[in-house]
Structure formats: structure tokens, C-alpha cells
Amino acid sequence: MNVYLDLSNLFNLFCIVQGLTTAGLLFYRMDSPANKWLAWLMVGLTLQVIDYFLTRSGVYWNHKWLYFMPLFYSWSFGPLLYAYMRARAGLDVSLSGWWFIPVFIQGLFYVTLTVQPFDNKAWFWLHVHKPFTRYVEYYGASAMILYAIYRSRPLATDRWLRLLLTGLGIFYVIAAIEPLVNDAYLPDSWPKFYLTYQILPLFVYALALIGLLYSRFAKPERPFVLTPQPVTADQREQMLLAIQQQQLYKDPALSLTILSKHLGESPNMVSRIINSGFNQSFNEFINTYRLDEVKRRMSAGDTDRVTILSIALDAGFPFKTTFNRVFKEMTGHTPKEYVKMSQITLRDDSAT
């Protein structure tokens with residue numbers, strides 16, 4: 001087998017070995033639930049680097065039957081990252097099925113193409129995948145991982161982890177713009193995803209290195225995974241006093257840092273109190289009180305005097321879109337549907 005090797009291919013090969021080795025080590029250390037999800041994330045990322053290596057090294061060219069091997073599972077990166085963050089924060093990982101349905105579709109897509117004759121693969125590449133479906137795949141993966149980062153940020157209690165998520169989010173925003181710029185300024189025959197191709201192996205190597213260091217050197221009393229500590233009754237009471245009686249949830253700018261300063265605790269400790277004491281993330285905990293306030297005022301008929309948005313903003317929701325999303329997720333109804341239901345209940349009570 002003739003394999004073309006340059007510095008870029010050698011580095012990719014190094015990242016592949018490092019990624020698979022680290023994934024195996026993390027699978028071996030199954031005492032930590034977070035390790036399992038990090039290991040699967042490492043596998044998904046490494047498989048994509050393998051595809052890059054097979055392309056640049058000429059393996060695909062010399063063995064054309066390998067084209068469209070089922071190595072791309074980029075739609076899994078977002079769900080696996082979010083699952084890892086939840087497990088690391090000590091929360092149950094119970095992701096809804098829609099997170100992984102796209103992953104199944106992506107795998108079925110490549111498995112179906114793999115068994116096709118080469119002529120069919122060549123036609124599909126030129127007329128379908130190159131102009132259309134690869135962009136659907138690329139932007140779908142970017143959207144899913146950006147959404148996962150948005151959902152994961154409240155779970156990141158360590159400063160370095162928040163910085164890592166921020167950097168990853170910036171990278172994927174830039175990566176989403178890159179193909180548009182390349183389409184406008186580069187010839188059609190040139191690759192359109194330079195940034196992803198160059199940076200993804202670096203990310204695999206960095207993540208593998210972090211995983212190795214924490215798996216090997218983390219102390220038993222403070223492992224890499226954040227395990228919830230027992231919460232005392234005084235800690236719960238102090239939290240409820242700040243949220244219920246002082247109504248801090250009505251502050252739209254309320255954050256974990258602001259709440260920790262108010263309580264005189266570290267952000268890490270406040271996060272542990274909420275996660276372990278109330279079995280919720282910070283956003284879930286605060287939004288529950290905001291939502292209860294909105295529902296109380298809706299049921300009291302306040303919507304006859306002020307708008308629903310005004311009630312939501314008074315309750316502490318910072319944006320209309322955030323309010324609508326949280327309301328739908330937690331009640332199963334839109335705000336307008338809930339108001340109608342409340343009005344029916346009020347009329348029935350009045351008649352009674």
C-alpha cells in the first residue's frame with residue numbers, strides 16, 4: 001500500500017494514536033460516568049481525523065472501495081459533549097431521543113453509501129454530496145454543538161472549563177462562516193473546510209492530553225468528575241431565603257457568580273448546593289421560580305391589565321425568546337395557551 005506522508009499527515013497519525021489510546025484508557029476507568037461520555041466523544045472526533053488522514057495520504061485514491069466509509073459522526077459531538085458536562089456536574093444523563101436521531105441518520109447515510117459501486121459513489125459525490133449534503137452535514141453539526149455549548153455553560157463550575165467552552169463556541173462560529181468565504185474566493189476544485197481540517201486534530205490532541213492527565217493524576221478526594229457533596233439543611237435554608245424571600249430570581253442579570261457573592265460562597269460551592277440539594281442546574285433552579293411567578297400572575301388574571309411579556313420580564317426572564325422556550329419546555333404549553341386555560345378555570349370558579 002502506497003501512503004503519502006508529510007508533516008500534516010504524520011501529525012494526524014499521531015493524533016489518531018493518541019485519541020484512540022486515551023479513549024481506551026477512559027473506557028477502562030469506568031468508575032467515573034463522565035469518563036464514558038468523554039471516551040465516546042474522543043472516538044467520534046478521532047474517527048473524523050482518520051477520514052482526513054485517509055484522504056490526504058492517498059489511501060482513498062488507491063483503494064476506491066473505501067470511499068464514504070462510515071467514519072463521520074460529527075452530529076454526535078454536541079450530544080456527547082452535553083452528556084459529558086451533565087455527568088461531570090453529577091447530574092443524571094437522560095437525553096431525549098432527538099439528540100441521537102441525527103447521529104443514527106448520519107451513520108445510516110454512510111453505511112448505505114459504503115456498499116454502493118464506485119460509479120454510484122462518484123456520481124453521488126459530484127451531483128449530490130459535494131454541492132448539497134455535505135453542507136447540510138457540516139452546518140447541522142455546527143448547530144448541534146453550539147446548542148450543546150449553550151446548554152453546558154451553566155454546568156461548568158470551573159473557570160478553565162468555561163474558557164474551553166467559550167473557545168470551542170468561537171471556533172464553531174468561525175467554522176460556520178468559513179465555507180461561505182471559501183466559496184466566494186476559492187476555485188470550485190479547492191477544499192472548502194480548511195479551518196476544520198487543520199484545527200480538529202489539534203482539538204483531539206488537546207482533549208486526549210487533558211483526559212490522560214486527569215485520569216492519571218487526579219486525586220481520589222477530588223476527582224476529575226465533580227461529584228455532588230452532601231448539602232446541609234443550613235445551606236438549603238440559606239439558598240431558599242435568598243431566592244424565595246429576597247426574590248433574587250427577579251434580577252434578569254442574576255448569574256452563578258452574583259448569587260455566590262450574595263451568599264458569601266464560591267461559585268463552585270453554590271453550584272454544588274443547587275445540583276445536590278435541589279437536583280437541578282442553576283438555570284433550571286432559577287427559571288422554576290420565575291416560571292411559578294408568571295403562572296401565579298396569569299392565574300390571578302393580571303394578563304387583563306398588562307401583557308404576558310411584561311409579566312415575564314418582571315419575573316426576571318431577560319428575553320422574550322428565553323421565556324417562551326422555558327415556558328414551553330416546563331409546562332408543555334405556550335404562554336397564550338396557558339392564559340386561555342387559566343381564564344377558563346377562573347370563569348368556572350366564578351360560576352361555582
# chains A, B, ... in the order shown; residues from 1 in each chain; ligands from 1

call {"tool": "residues_around", "arguments": {"residues": "Phe104 in chain A", "least_positions_apart": "5", "cutoff": "10 Å", "atoms": "only C-alpha atoms", "output": "PyMOL selection string"}}
result
chain A and resi 73+75-76+99+109

call {"tool": "residues_around", "arguments": {"residues": "range 130-141 of chain A", "least_positions_apart": "6", "cutoff": "12 Å", "atoms": "only C-alpha atoms", "output": "JSON, numbers by chain"}}
result
{"A": [68, 72, 73, 74, 75, 76, 77, 78, 79, 99, 100, 102, 103, 105, 106, 107, 109, 110, 121, 122, 123, 124, 147, 148, 172, 173, 174, 175, 176, 177, 178, 179, 180, 183, 188, 189, 190, 191, 192, 193, 196]}

call {"tool": "write_last_selection", "arguments": {"atoms": "C-alpha atoms", "output": "CSV table (one decimal), in the first residue's frame"}}
result
chain,number,residue,atom,x,y,z
A,68,PHE,CA,-17.7,7.0,2.1
A,72,PHE,CA,-18.1,10.8,10.0
A,73,TYR,CA,-20.3,11.1,13.1
A,74,SER,CA,-20.0,14.8,13.6
A,75,TRP,CA,-23.6,15.1,14.6
A,76,SER,CA,-22.7,13.2,17.7
A,77,PHE,CA,-20.2,15.8,19.0
A,78,GLY,CA,-22.9,18.0,20.5
A,79,PRO,CA,-24.9,15.4,22.4
A,99,TRP,CA,-30.3,14.3,20.4
A,100,PHE,CA,-29.2,11.0,18.8
A,102,PRO,CA,-29.4,12.7,13.7
A,103,VAL,CA,-26.4,10.5,14.7
A,105,ILE,CA,-29.3,9.1,10.3
A,106,GLN,CA,-25.7,10.1,9.6
A,107,GLY,CA,-24.4,6.6,10.3
A,109,PHE,CA,-26.3,7.5,5.4
A,110,TYR,CA,-22.6,6.5,5.2
A,121,LYS,CA,-20.3,6.9,-5.3
A,122,ALA,CA,-18.6,9.1,-7.9
A,123,TRP,CA,-22.0,10.3,-9.3
A,124,PHE,CA,-23.3,10.9,-5.8
A,147,TYR,CA,-26.6,24.4,21.2
A,148,ALA,CA,-24.8,21.8,23.4
A,172,TYR,CA,-17.5,26.8,15.5
A,173,VAL,CA,-19.0,30.2,14.8
A,174,ILE,CA,-15.9,31.0,12.7
A,175,ALA,CA,-16.1,27.5,11.1
A,176,ALA,CA,-19.7,28.2,10.1
A,177,ILE,CA,-18.6,31.3,8.2
A,178,GLU,CA,-15.5,29.7,6.6
A,179,PRO,CA,-17.2,27.8,3.8
A,180,LEU,CA,-19.1,30.9,2.7
A,183,ASP,CA,-17.0,29.5,-1.8
A,188,ASP,CA,-14.5,25.2,-7.1
A,189,SER,CA,-11.9,22.4,-7.1
A,190,TRP,CA,-10.3,23.6,-3.9
A,191,PRO,CA,-11.3,22.2,-0.4
A,192,LYS,CA,-13.8,24.4,1.4
A,193,PHE,CA,-13.1,23.4,5.0
A,196,THR,CA,-11.9,22.4,10.4

call {"tool": "closest_residue", "arguments": {"among": "A:Ser342, A:Phe278, A:Ala242, A:Asp302", "to": "His262 in chain A", "atoms": "only C-alpha atoms"}}
result
A:Ala242

call {"tool": "closest_residue", "arguments": {"among": "A:Leu13, A:Leu155, A:Leu165, A:Ala300", "to": "Asn283 in chain A", "atoms": "only C-alpha atoms"}}
result
A:Leu155

call {"tool": "atom_distance", "arguments": {"atom1": "CA of Ser57 in chain A", "atom2": "CA of Leu168 in chain A"}}
result
27.6 Å

call {"tool": "atom_distance", "arguments": {"atom1": "CA of Met85 in chain A", "atom2": "CA of Ala39 in chain A"}}
result
12.8 Å

call {"tool": "closest_atom_pairs", "arguments": {"of": "range 230-249 of chain A", "to": "range 256-260 of chain A", "cutoff": "10 Å", "atoms": "only C-alpha atoms", "output": "CSV"}}
result
residue,atom,partner,partner_atom,distance
A:Met239,CA,A:Leu259,CA,9.2
A:Ala242,CA,A:Leu259,CA,8.5
A:Ile243,CA,A:Leu259,CA,9.3
A:Leu248,CA,A:Leu259,CA,8.2
A:Tyr249,CA,A:Leu259,CA,9.5

call {"tool": "write_last_selection", "arguments": {"atoms": "N, CA and C atoms", "output": "PDB file, in the first residue's frame"}}
result
ATOM      1  N   MET A 239     -30.082  29.184  50.825  1.00  0.00           N
ATOM      2  CA  MET A 239     -30.405  29.327  49.414  1.00  0.00           C
ATOM      3  C   MET A 239     -31.865  29.715  49.215  1.00  0.00           C
ATOM      4  N   ALA A 242     -32.592  33.374  50.097  1.00  0.00           N
ATOM      5  CA  ALA A 242     -32.172  34.334  49.070  1.00  0.00           C
ATOM      6  C   ALA A 242     -33.113  34.311  47.870  1.00  0.00           C
ATOM      7  N   ILE A 243     -33.591  33.135  47.496  1.00  0.00           N
ATOM      8  CA  ILE A 243     -34.402  33.012  46.287  1.00  0.00           C
ATOM      9  C   ILE A 243     -35.875  33.304  46.559  1.00  0.00           C
ATOM     10  N   LEU A 248     -34.388  37.016  44.629  1.00  0.00           N
ATOM     11  CA  LEU A 248     -33.273  37.339  43.747  1.00  0.00           C
ATOM     12  C   LEU A 248     -33.515  36.861  42.320  1.00  0.00           C
ATOM     13  N   TYR A 249     -34.409  35.893  42.158  1.00  0.00           N
ATOM     14  CA  TYR A 249     -34.672  35.379  40.817  1.00  0.00           C
ATOM     15  C   TYR A 249     -35.253  36.440  39.896  1.00  0.00           C
TER      16      TYR A 249
END

call {"tool": "atom_distance", "arguments": {"atom1": "CA of Val3 in chain A", "atom2": "CA of Phe53 in chain A"}}
result
9.9 Å

call {"tool": "closest_residue", "arguments": {"among": "A:Met69, A:Ile273, A:Val59, A:Leu254", "to": "Gln116 in chain A", "atoms": "only C-alpha atoms"}}
result
A:Met69

call {"tool": "residues_around", "arguments": {"residues": "range 334-339 of chain A", "least_positions_apart": "2", "cutoff": "10 Å", "atoms": "only C-alpha atoms", "output": "MDAnalysis selection string"}}
result
chainID A and resid 294:295 297:299 301:303 308:309 312 323:332 341:345

call {"tool": "closest_residue", "arguments": {"among": "A:Arg236, A:Gln245, A:Tyr60, A:Glu284", "to": "Val270 in chain A", "atoms": "only C-alpha atoms"}}
result
A:Arg236

call {"tool": "select_by_dssp", "arguments": {"residues": "range 2-146 of chain A", "states": "alpha helix (DSSP H)", "output": "JSON list (two decimals) with N, CA and C atoms, in the first residue's frame"}}
result
[["chain", "number", "residue", "atom", "x", "y", "z"],
["A", 7, "LEU", "N", 4.33, 16.30, 6.98],
["A", 7, "LEU", "CA", 4.24, 16.69, 8.38],
["A", 7, "LEU", "C", 2.79, 16.70, 8.86],
["A", 8, "SER", "N", 1.88, 17.18, 7.99],
["A", 8, "SER", "CA", 0.47, 17.23, 8.37],
["A", 8, "SER", "C", -0.09, 15.83, 8.58],
["A", 9, "ASN", "N", 0.22, 14.91, 7.68],
["A", 9, "ASN", "CA", -0.27, 13.54, 7.82],
["A", 9, "ASN", "C", 0.34, 12.83, 9.02],
["A", 10, "LEU", "N", 1.62, 13.09, 9.28],
["A", 10, "LEU", "CA", 2.25, 12.49, 10.45],
["A", 10, "LEU", "C", 1.61, 12.98, 11.74],
["A", 11, "PHE", "N", 1.27, 14.28, 11.77],
["A", 11, "PHE", "CA", 0.62, 14.82, 12.96],
["A", 11, "PHE", "C", -0.77, 14.21, 13.13],
["A", 12, "ASN", "N", -1.52, 14.07, 12.01],
["A", 12, "ASN", "CA", -2.83, 13.42, 12.09],
["A", 12, "ASN", "C", -2.71, 11.99, 12.60],
["A", 13, "LEU", "N", -1.69, 11.29, 12.13],
["A", 13, "LEU", "CA", -1.48, 9.92, 12.58],
["A", 13, "LEU", "C", -1.17, 9.88, 14.08],
["A", 14, "PHE", "N", -0.38, 10.84, 14.53],
["A", 14, "PHE", "CA", -0.07, 10.94, 15.96],
["A", 14, "PHE", "C", -1.34, 11.20, 16.77],
["A", 15, "CYS", "N", -2.21, 12.10, 16.26],
["A", 15, "CYS", "CA", -3.47, 12.41, 16.96],
["A", 15, "CYS", "C", -4.40, 11.20, 16.99],
["A", 16, "ILE", "N", -4.39, 10.41, 15.92],
["A", 16, "ILE", "CA", -5.24, 9.22, 15.88],
["A", 16, "ILE", "C", -4.81, 8.23, 16.96],
["A", 17, "VAL", "N", -3.50, 7.98, 17.05],
["A", 17, "VAL", "CA", -3.00, 7.06, 18.07],
["A", 17, "VAL", "C", -3.29, 7.59, 19.46],
["A", 18, "GLN", "N", -3.06, 8.88, 19.66],
["A", 18, "GLN", "CA", -3.30, 9.49, 20.97],
["A", 18, "GLN", "C", -4.78, 9.44, 21.32],
["A", 19, "GLY", "N", -5.64, 9.74, 20.36],
["A", 19, "GLY", "CA", -7.08, 9.76, 20.62],
["A", 19, "GLY", "C", -7.61, 8.39, 20.97],
["A", 20, "LEU", "N", -7.25, 7.36, 20.19],
["A", 20, "LEU", "CA", -7.74, 6.01, 20.46],
["A", 20, "LEU", "C", -7.18, 5.46, 21.77],
["A", 21, "THR", "N", -5.91, 5.78, 22.06],
["A", 21, "THR", "CA", -5.31, 5.32, 23.31],
["A", 21, "THR", "C", -6.02, 5.93, 24.51],
["A", 22, "THR", "N", -6.29, 7.22, 24.44],
["A", 22, "THR", "CA", -6.96, 7.89, 25.54],
["A", 22, "THR", "C", -8.39, 7.40, 25.70],
["A", 23, "ALA", "N", -9.09, 7.20, 24.58],
["A", 23, "ALA", "CA", -10.46, 6.67, 24.66],
["A", 23, "ALA", "C", -10.46, 5.31, 25.35],
["A", 24, "GLY", "N", -9.50, 4.45, 25.00],
["A", 24, "GLY", "CA", -9.42, 3.14, 25.64],
["A", 24, "GLY", "C", -9.15, 3.26, 27.13],
["A", 25, "LEU", "N", -8.28, 4.20, 27.51],
["A", 25, "LEU", "CA", -7.98, 4.39, 28.92],
["A", 25, "LEU", "C", -9.21, 4.90, 29.68],
["A", 26, "LEU", "N", -9.95, 5.83, 29.07],
["A", 26, "LEU", "CA", -11.13, 6.36, 29.72],
["A", 26, "LEU", "C", -12.23, 5.30, 29.84],
["A", 27, "PHE", "N", -12.36, 4.45, 28.83],
["A", 27, "PHE", "CA", -13.31, 3.34, 28.93],
["A", 27, "PHE", "C", -12.90, 2.38, 30.06],
["A", 28, "TYR", "N", -11.60, 2.20, 30.22],
["A", 28, "TYR", "CA", -11.11, 1.31, 31.27],
["A", 28, "TYR", "C", -11.44, 1.86, 32.65],
["A", 33, "PRO", "N", -18.75, 8.11, 35.57],
["A", 33, "PRO", "CA", -19.71, 8.17, 34.46],
["A", 33, "PRO", "C", -19.27, 9.16, 33.38],
["A", 34, "ALA", "N", -18.63, 10.26, 33.79],
["A", 34, "ALA", "CA", -18.21, 11.25, 32.81],
["A", 34, "ALA", "C", -17.16, 10.69, 31.87],
["A", 35, "ASN", "N", -16.30, 9.79, 32.37],
["A", 35, "ASN", "CA", -15.26, 9.20, 31.52],
["A", 35, "ASN", "C", -15.86, 8.46, 30.33],
["A", 36, "LYS", "N", -17.00, 7.80, 30.55],
["A", 36, "LYS", "CA", -17.64, 7.05, 29.47],
["A", 36, "LYS", "C", -18.03, 8.00, 28.33],
["A", 37, "TRP", "N", -18.64, 9.12, 28.68],
["A", 37, "TRP", "CA", -19.09, 10.06, 27.64],
["A", 37, "TRP", "C", -17.91, 10.75, 26.98],
["A", 38, "LEU", "N", -16.86, 11.07, 27.76],
["A", 38, "LEU", "CA", -15.67, 11.67, 27.18],
["A", 38, "LEU", "C", -14.99, 10.68, 26.24],
["A", 39, "ALA", "N", -15.00, 9.41, 26.59],
["A", 39, "ALA", "CA", -14.38, 8.39, 25.74],
["A", 39, "ALA", "C", -15.11, 8.30, 24.40],
["A", 40, "TRP", "N", -16.45, 8.30, 24.44],
["A", 40, "TRP", "CA", -17.21, 8.24, 23.18],
["A", 40, "TRP", "C", -16.98, 9.49, 22.34],
["A", 41, "LEU", "N", -16.85, 10.64, 23.00],
["A", 41, "LEU", "CA", -16.55, 11.87, 22.26],
["A", 41, "LEU", "C", -15.18, 11.76, 21.60],
["A", 42, "MET", "N", -14.21, 11.20, 22.31],
["A", 42, "MET", "CA", -12.88, 11.01, 21.74],
["A", 42, "MET", "C", -12.94, 10.08, 20.53],
["A", 43, "VAL", "N", -13.74, 9.02, 20.61],
["A", 43, "VAL", "CA", -13.86, 8.09, 19.49],
["A", 43, "VAL", "C", -14.45, 8.80, 18.27],
["A", 44, "GLY", "N", -15.52, 9.58, 18.47],
["A", 44, "GLY", "CA", -16.14, 10.28, 17.36],
["A", 44, "GLY", "C", -15.19, 11.26, 16.69],
["A", 45, "LEU", "N", -14.47, 12.04, 17.49],
["A", 45, "LEU", "CA", -13.52, 13.00, 16.94],
["A", 45, "LEU", "C", -12.39, 12.30, 16.20],
["A", 46, "THR", "N", -11.89, 11.21, 16.78],
["A", 46, "THR", "CA", -10.76, 10.51, 16.18],
["A", 46, "THR", "C", -11.15, 9.85, 14.86],
["A", 47, "LEU", "N", -12.36, 9.32, 14.77],
["A", 47, "LEU", "CA", -12.82, 8.72, 13.51],
["A", 47, "LEU", "C", -12.80, 9.75, 12.38],
["A", 48, "GLN", "N", -13.17, 10.99, 12.71],
["A", 48, "GLN", "CA", -13.16, 12.02, 11.68],
["A", 48, "GLN", "C", -11.73, 12.36, 11.26],
["A", 49, "VAL", "N", -10.80, 12.36, 12.20],
["A", 49, "VAL", "CA", -9.40, 12.59, 11.86],
["A", 49, "VAL", "C", -8.87, 11.44, 11.00],
["A", 50, "ILE", "N", -9.33, 10.22, 11.27],
["A", 50, "ILE", "CA", -8.94, 9.08, 10.43],
["A", 50, "ILE", "C", -9.37, 9.31, 8.99],
["A", 51, "ASP", "N", -10.59, 9.83, 8.81],
["A", 51, "ASP", "CA", -11.07, 10.13, 7.46],
["A", 51, "ASP", "C", -10.18, 11.17, 6.78],
["A", 52, "TYR", "N", -9.79, 12.21, 7.52],
["A", 52, "TYR", "CA", -8.89, 13.22, 6.96],
["A", 52, "TYR", "C", -7.55, 12.59, 6.55],
["A", 53, "PHE", "N", -7.04, 11.69, 7.41],
["A", 53, "PHE", "CA", -5.75, 11.04, 7.10],
["A", 53, "PHE", "C", -5.86, 10.17, 5.85],
["A", 54, "LEU", "N", -6.92, 9.39, 5.74],
["A", 54, "LEU", "CA", -7.09, 8.52, 4.57],
["A", 54, "LEU", "C", -7.21, 9.33, 3.28],
["A", 55, "THR", "N", -7.77, 10.54, 3.39],
["A", 55, "THR", "CA", -7.91, 11.39, 2.20],
["A", 55, "THR", "C", -6.56, 11.95, 1.77],
["A", 56, "ARG", "N", -5.85, 12.56, 2.72],
["A", 56, "ARG", "CA", -4.59, 13.23, 2.37],
["A", 56, "ARG", "C", -3.46, 12.26, 2.07],
["A", 59, "VAL", "N", -4.81, 6.98, 0.56],
["A", 59, "VAL", "CA", -5.37, 5.65, 0.74],
["A", 59, "VAL", "C", -6.70, 5.51, 0.00],
["A", 60, "TYR", "N", -7.54, 6.54, 0.10],
["A", 60, "TYR", "CA", -8.81, 6.50, -0.63],
["A", 60, "TYR", "C", -8.57, 6.40, -2.14],
["A", 61, "TRP", "N", -7.59, 7.13, -2.62],
["A", 61, "TRP", "CA", -7.32, 7.14, -4.06],
["A", 61, "TRP", "C", -6.87, 5.76, -4.54],
["A", 62, "ASN", "N", -6.04, 5.09, -3.76],
["A", 62, "ASN", "CA", -5.52, 3.78, -4.15],
["A", 62, "ASN", "C", -6.52, 2.65, -3.88],
["A", 77, "PHE", "N", -21.09, 14.98, 18.16],
["A", 77, "PHE", "CA", -20.22, 15.76, 19.03],
["A", 77, "PHE", "C", -21.01, 16.58, 20.05],
["A", 78, "GLY", "N", -22.08, 17.22, 19.60],
["A", 78, "GLY", "CA", -22.89, 18.04, 20.51],
["A", 78, "GLY", "C", -23.53, 17.23, 21.61],
["A", 79, "PRO", "N", -24.29, 16.17, 21.29],
["A", 79, "PRO", "CA", -24.90, 15.36, 22.35],
["A", 79, "PRO", "C", -23.89, 14.77, 23.33],
["A", 80, "LEU", "N", -22.75, 14.28, 22.80],
["A", 80, "LEU", "CA", -21.76, 13.67, 23.69],
["A", 80, "LEU", "C", -21.11, 14.71, 24.60],
["A", 81, "LEU", "N", -20.87, 15.91, 24.08],
["A", 81, "LEU", "CA", -20.31, 16.98, 24.91],
["A", 81, "LEU", "C", -21.27, 17.35, 26.02],
["A", 82, "TYR", "N", -22.55, 17.50, 25.70],
["A", 82, "TYR", "CA", -23.56, 17.86, 26.71],
["A", 82, "TYR", "C", -23.71, 16.74, 27.74],
["A", 83, "ALA", "N", -23.71, 15.49, 27.28],
["A", 83, "ALA", "CA", -23.81, 14.36, 28.21],
["A", 83, "ALA", "C", -22.60, 14.33, 29.15],
["A", 84, "TYR", "N", -21.42, 14.61, 28.62],
["A", 84, "TYR", "CA", -20.22, 14.65, 29.45],
["A", 84, "TYR", "C", -20.32, 15.75, 30.51],
["A", 85, "MET", "N", -20.80, 16.92, 30.11],
["A", 85, "MET", "CA", -20.90, 18.03, 31.06],
["A", 85, "MET", "C", -21.92, 17.73, 32.16],
["A", 86, "ARG", "N", -23.03, 17.10, 31.80],
["A", 86, "ARG", "CA", -24.02, 16.74, 32.83],
["A", 86, "ARG", "C", -23.45, 15.70, 33.79],
["A", 87, "ALA", "N", -22.77, 14.70, 33.25],
["A", 87, "ALA", "CA", -22.19, 13.67, 34.11],
["A", 87, "ALA", "C", -21.10, 14.26, 35.00],
["A", 88, "ARG", "N", -20.32, 15.17, 34.44],
["A", 88, "ARG", "CA", -19.25, 15.80, 35.22],
["A", 88, "ARG", "C", -19.80, 16.63, 36.36],
["A", 101, "ILE", "N", -31.05, 10.89, 17.25],
["A", 101, "ILE", "CA", -31.66, 10.51, 15.98],
["A", 101, "ILE", "C", -30.81, 11.00, 14.79],
["A", 102, "PRO", "N", -30.32, 12.25, 14.79],
["A", 102, "PRO", "CA", -29.43, 12.68, 13.69],
["A", 102, "PRO", "C", -28.17, 11.83, 13.57],
["A", 103, "VAL", "N", -27.64, 11.35, 14.69],
["A", 103, "VAL", "CA", -26.44, 10.51, 14.66],
["A", 103, "VAL", "C", -26.75, 9.20, 13.94],
["A", 104, "PHE", "N", -27.91, 8.62, 14.24],
["A", 104, "PHE", "CA", -28.32, 7.39, 13.58],
["A", 104, "PHE", "C", -28.49, 7.62, 12.08],
["A", 105, "ILE", "N", -29.11, 8.75, 11.71],
["A", 105, "ILE", "CA", -29.31, 9.08, 10.30],
["A", 105, "ILE", "C", -27.97, 9.23, 9.59],
["A", 106, "GLN", "N", -27.03, 9.90, 10.24],
["A", 106, "GLN", "CA", -25.71, 10.11, 9.64],
["A", 106, "GLN", "C", -24.99, 8.78, 9.44],
["A", 107, "GLY", "N", -25.05, 7.89, 10.43],
["A", 107, "GLY", "CA", -24.42, 6.58, 10.30],
["A", 107, "GLY", "C", -25.05, 5.76, 9.20],
["A", 108, "LEU", "N", -26.39, 5.77, 9.12],
["A", 108, "LEU", "CA", -27.10, 5.02, 8.08],
["A", 108, "LEU", "C", -26.75, 5.56, 6.70],
["A", 109, "PHE", "N", -26.60, 6.87, 6.62],
["A", 109, "PHE", "CA", -26.25, 7.53, 5.35],
["A", 109, "PHE", "C", -24.94, 6.99, 4.81],
["A", 110, "TYR", "N", -23.90, 6.91, 5.65],
["A", 110, "TYR", "CA", -22.59, 6.46, 5.18],
["A", 110, "TYR", "C", -22.53, 4.95, 4.99],
["A", 111, "VAL", "N", -23.23, 4.20, 5.82],
["A", 111, "VAL", "CA", -23.24, 2.75, 5.64],
["A", 111, "VAL", "C", -23.88, 2.39, 4.29],
["A", 112, "THR", "N", -24.97, 3.11, 3.95],
["A", 112, "THR", "CA", -25.64, 2.87, 2.67],
["A", 112, "THR", "C", -24.73, 3.18, 1.50],
["A", 113, "LEU", "N", -23.99, 4.29, 1.59],
["A", 113, "LEU", "CA", -23.09, 4.66, 0.51],
["A", 113, "LEU", "C", -21.89, 3.74, 0.40],
["A", 114, "THR", "N", -21.42, 3.21, 1.52],
["A", 114, "THR", "CA", -20.23, 2.37, 1.51],
["A", 114, "THR", "C", -20.39, 1.15, 0.62],
["A", 118, "PHE", "N", -18.46, 1.86, -7.10],
["A", 118, "PHE", "CA", -17.70, 3.11, -7.17],
["A", 118, "PHE", "C", -18.34, 4.14, -8.11],
["A", 119, "ASP", "N", -18.90, 3.68, -9.23],
["A", 119, "ASP", "CA", -19.54, 4.62, -10.17],
["A", 119, "ASP", "C", -20.69, 5.36, -9.49],
["A", 120, "ASN", "N", -21.46, 4.66, -8.67],
["A", 120, "ASN", "CA", -22.55, 5.31, -7.94],
["A", 120, "ASN", "C", -22.02, 6.32, -6.94],
["A", 121, "LYS", "N", -20.93, 5.94, -6.27],
["A", 121, "LYS", "CA", -20.33, 6.85, -5.30],
["A", 121, "LYS", "C", -19.81, 8.12, -5.99],
["A", 122, "ALA", "N", -19.16, 7.94, -7.15],
["A", 122, "ALA", "CA", -18.62, 9.09, -7.87],
["A", 122, "ALA", "C", -19.74, 10.02, -8.34],
["A", 123, "TRP", "N", -20.82, 9.43, -8.85],
["A", 123, "TRP", "CA", -21.96, 10.26, -9.29],
["A", 123, "TRP", "C", -22.56, 10.99, -8.10],
["A", 124, "PHE", "N", -22.72, 10.31, -6.98],
["A", 124, "PHE", "CA", -23.33, 10.94, -5.80],
["A", 124, "PHE", "C", -22.45, 12.08, -5.28],
["A", 134, "ARG", "N", -23.12, 17.66, 1.95],
["A", 134, "ARG", "CA", -22.01, 17.88, 2.87],
["A", 134, "ARG", "C", -22.16, 19.19, 3.63],
["A", 135, "TYR", "N", -22.85, 20.17, 3.02],
["A", 135, "TYR", "CA", -23.11, 21.42, 3.73],
["A", 135, "TYR", "C", -24.20, 21.23, 4.78],
["A", 136, "VAL", "N", -25.20, 20.39, 4.46],
["A", 136, "VAL", "CA", -26.22, 20.06, 5.46],
["A", 136, "VAL", "C", -25.57, 19.39, 6.66],
["A", 137, "GLU", "N", -24.67, 18.46, 6.39],
["A", 137, "GLU", "CA", -23.96, 17.74, 7.44],
["A", 137, "GLU", "C", -23.08, 18.70, 8.26],
["A", 138, "TYR", "N", -22.38, 19.57, 7.57],
["A", 138, "TYR", "CA", -21.44, 20.50, 8.22],
["A", 138, "TYR", "C", -22.18, 21.48, 9.13],
["A", 139, "TYR", "N", -23.22, 22.11, 8.60],
["A", 139, "TYR", "CA", -23.94, 23.11, 9.39],
["A", 139, "TYR", "C", -24.82, 22.46, 10.45],
["A", 140, "GLY", "N", -25.30, 21.25, 10.19],
["A", 140, "GLY", "CA", -26.05, 20.53, 11.22],
["A", 140, "GLY", "C", -25.17, 20.23, 12.42],
["A", 141, "ALA", "N", -23.93, 19.79, 12.16],
["A", 141, "ALA", "CA", -23.00, 19.51, 13.25],
["A", 141, "ALA", "C", -22.66, 20.78, 14.03],
["A", 142, "SER", "N", -22.44, 21.87, 13.31],
["A", 142, "SER", "CA", -22.11, 23.14, 13.96],
["A", 142, "SER", "C", -23.25, 23.61, 14.84],
["A", 143, "ALA", "N", -24.48, 23.51, 14.33],
["A", 143, "ALA", "CA", -25.65, 23.95, 15.10],
["A", 143, "ALA", "C", -25.82, 23.11, 16.36],
["A", 144, "MET", "N", -25.63, 21.80, 16.24],
["A", 144, "MET", "CA", -25.83, 20.93, 17.39],
["A", 144, "MET", "C", -24.78, 21.17, 18.47],
["A", 145, "ILE", "N", -23.54, 21.38, 18.07],
["A", 145, "ILE", "CA", -22.51, 21.58, 19.09],
["A", 145, "ILE", "C", -22.62, 22.96, 19.73],
["A", 146, "LEU", "N", -23.05, 23.97, 18.96],
["A", 146, "LEU", "CA", -23.26, 25.29, 19.55],
["A", 146, "LEU", "C", -24.42, 25.26, 20.55]]
